[in-house]
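Here is the structure we will look at.
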Amino acid sequence: MSWLPEASAHAARIDLLLAGLTIISLAVLGLVFGLMVLNVIRFRAGRTTAVARAAAGHKNWWFEIAWTAATLVIFFGLFLWATQLYVVGFRPPADAIQIYVTGKQWMWKIQYPGGQREINALHVPAGRPVRLLMTSEDVIHDFSVPALRIKHDVLPGRYQSLWFTATRTGSFRLYCTQFCGVGHSRMTGTLTVLEAADYADWLNNVPASGSLAMAGEALFIRSGCSGCHASSRYAPDAADASRAPSMVGLYGSRVVLADGHAIVADAAFLHDAILDSPRRQGASFATEMPSFRGVLGEEDLAALVAYLQTLSPALPPDTGN
């Protein structure tokens, strides 16, 4: 039983892994120090019998190989166990609610698909997968909720993804666990887990100025994106197919870059393509898209990404309602 509350579906598995690692480490520590103590007693000064001298000159290679191989296999098994948990932690279910988290000295800014916003507070429903798309506006932060057993670096100019399923209602503390300046200790907040009906009521009662996708659609037009990229509603035939890719169906598809490398156009790809266009240039498009780094803030980028996701009917982003 952990001294911390277990408030997520995978918290017990993380605790079990940590307990297994601790037990195995203590067992190996006990074996090594036990053998050291045994040899200190057995070959202590003054014990110079023939038996002791003979034992000192004998080495059991099979014993050495056996215990070394056994510990190697055990720790390799722990590595595979931890790897499996790590991989699962970055593969959210398709129906996960997508929430945007932006770190800034010294606060957490939260944006919901419906356009609701919070500072240093995050509300989620119990029993429903939640995917966090996280980025930073300035320096490296680290988003951590100990009760959920989640923790991940938040990097400037890049999306980091993390997901969880909360299983216990209540309020839990969230922290920045990467030193980020003089106000680092104040960069905390509260995660509130609500029942599904209470979460829906909370969303309906929080003021929202249109959904993120709607804001992103307006920004897509205002920034001139629709002049080159075809979308589902604006200028469907405006772009020469060799000039710029259509945004319809782009999210979730495989894109071949100019260097021949193929990559899935997920939310992180869309975010990076807007900020660092040359590195995300498609292989079949000769026109180079200008970078919007320094032009669009992270909140604008979140809105644009949310809108572009809606242009792939087979993979609509979850609204959280």
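Chain identifiers are assigned as A, B, and so on, following the order in which chains appear in the structure tokens; residues are numbered from 1 within each chain, and ligands are numbered from 1 in order of appearance.
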Which of region 1-245 of chain A fall in strand (DSSP E), as a ChimeraX atom specification: /A:97-104,107-111,117-119,121-125,129-136,141-145,150-154,160-165,170-176,188-194
Residue list (alpha helix (DSSP H), DSSP) for region 137-208 of chain A, as a VMD selection string: chain A and resid 196 to 205
Who sits within 10 Å of region 186-202 of chain A, only C-alpha atoms, same chain under 5 positions skipped, as a ChimeraX atom specification: /A:7,103-108,119-128,141,143-145,147-148,166-177,179-180,207,320-321
Write the selection just made, keeping C-alpha atoms, as an mmCIF file, in the first residue's frame?
```cif
data_model
loop_
_atom_site.group_PDB
_atom_site.id
_atom_site.type_symbol
_atom_site.label_atom_id
_atom_site.label_comp_id
_atom_site.auth_asym_id
_atom_site.auth_seq_id
_atom_site.Cartn_x
_atom_site.Cartn_y
_atom_site.Cartn_z
ATOM 1 C CA ALA A 7 -5.733 8.233 -8.252
ATOM 2 C CA GLY A 103 3.915 26.240 -18.926
ATOM 3 C CA LYS A 104 5.060 29.800 -18.359
ATOM 4 C CA GLN A 105 7.148 31.336 -15.600
ATOM 5 C CA TRP A 106 5.524 30.688 -13.179
ATOM 6 C CA MET A 107 2.109 29.299 -13.970
ATOM 7 C CA TRP A 108 0.257 26.543 -15.802
ATOM 8 C CA ILE A 119 -4.685 29.085 -14.597
ATOM 9 C CA ASN A 120 -2.987 26.601 -12.244
ATOM 10 C CA ALA A 121 -6.093 24.404 -12.227
ATOM 11 C CA LEU A 122 -7.092 21.352 -14.228
ATOM 12 C CA HIS A 123 -10.508 19.670 -14.179
ATOM 13 C CA VAL A 124 -10.998 16.168 -15.586
ATOM 14 C CA PRO A 125 -13.728 13.502 -15.412
ATOM 15 C CA ALA A 126 -13.204 10.251 -13.539
ATOM 16 C CA GLY A 127 -13.007 7.067 -15.586
ATOM 17 C CA ARG A 128 -12.321 8.855 -18.873
ATOM 18 C CA HIS A 141 9.276 23.004 -16.989
ATOM 19 C CA PHE A 143 4.439 18.727 -15.244
ATOM 20 C CA SER A 144 3.955 16.342 -12.341
ATOM 21 C CA VAL A 145 0.931 14.990 -10.451
ATOM 22 C CA ALA A 147 -1.193 11.092 -7.058
ATOM 23 C CA LEU A 148 -1.561 10.063 -10.717
ATOM 24 C CA ALA A 166 -8.274 9.289 -13.192
ATOM 25 C CA THR A 167 -10.061 6.743 -11.007
ATOM 26 C CA ARG A 168 -10.578 8.666 -7.783
ATOM 27 C CA THR A 169 -12.545 11.886 -7.376
ATOM 28 C CA GLY A 170 -11.124 14.723 -5.317
ATOM 29 C CA SER A 171 -8.447 17.385 -5.466
ATOM 30 C CA PHE A 172 -4.755 16.616 -5.960
ATOM 31 C CA ARG A 173 -1.697 18.833 -6.171
ATOM 32 C CA LEU A 174 0.226 19.355 -9.398
ATOM 33 C CA TYR A 175 3.748 20.724 -9.530
ATOM 34 C CA CYS A 176 6.583 21.892 -11.714
ATOM 35 C CA THR A 177 9.451 19.580 -10.769
ATOM 36 C CA PHE A 179 13.851 24.227 -11.529
ATOM 37 C CA CYS A 180 12.703 27.072 -13.768
ATOM 38 C CA PRO A 207 -17.364 30.973 -19.620
ATOM 39 C CA GLY A 320 -14.803 16.525 -23.775
ATOM 40 C CA ASN A 321 -18.590 16.916 -23.518
#
```
Surrounding residues of Ser253 (chain A) excluding itself and chain neighbours under 2 positions, 6 Å, only C-alpha atoms, as an NGL selection string: :A and (250-251 or 264-265)
Non-local contacts of region 26-31 of chain A (8 Å; only C-alpha atoms; under 4 positions in same chain excluded) as a PDB file with N, CA and C atoms, in the first residue's frame:
```
ATOM      1  N   THR A  22      12.847  -2.012  -5.772  1.00  0.00           N
ATOM      2  CA  THR A  22      13.413  -1.826  -4.433  1.00  0.00           C
ATOM      3  C   THR A  22      13.773  -3.168  -3.800  1.00  0.00           C
ATOM      4  N   LEU A  35      28.262 -11.419   1.523  1.00  0.00           N
ATOM      5  CA  LEU A  35      29.501 -12.092   1.142  1.00  0.00           C
ATOM      6  C   LEU A  35      30.718 -11.333   1.660  1.00  0.00           C
ATOM      7  N   THR A  71      21.253 -12.014 -11.637  1.00  0.00           N
ATOM      8  CA  THR A  71      20.917 -10.605 -11.403  1.00  0.00           C
ATOM      9  C   THR A  71      20.740  -9.846 -12.723  1.00  0.00           C
TER      10      THR A  71
END
```
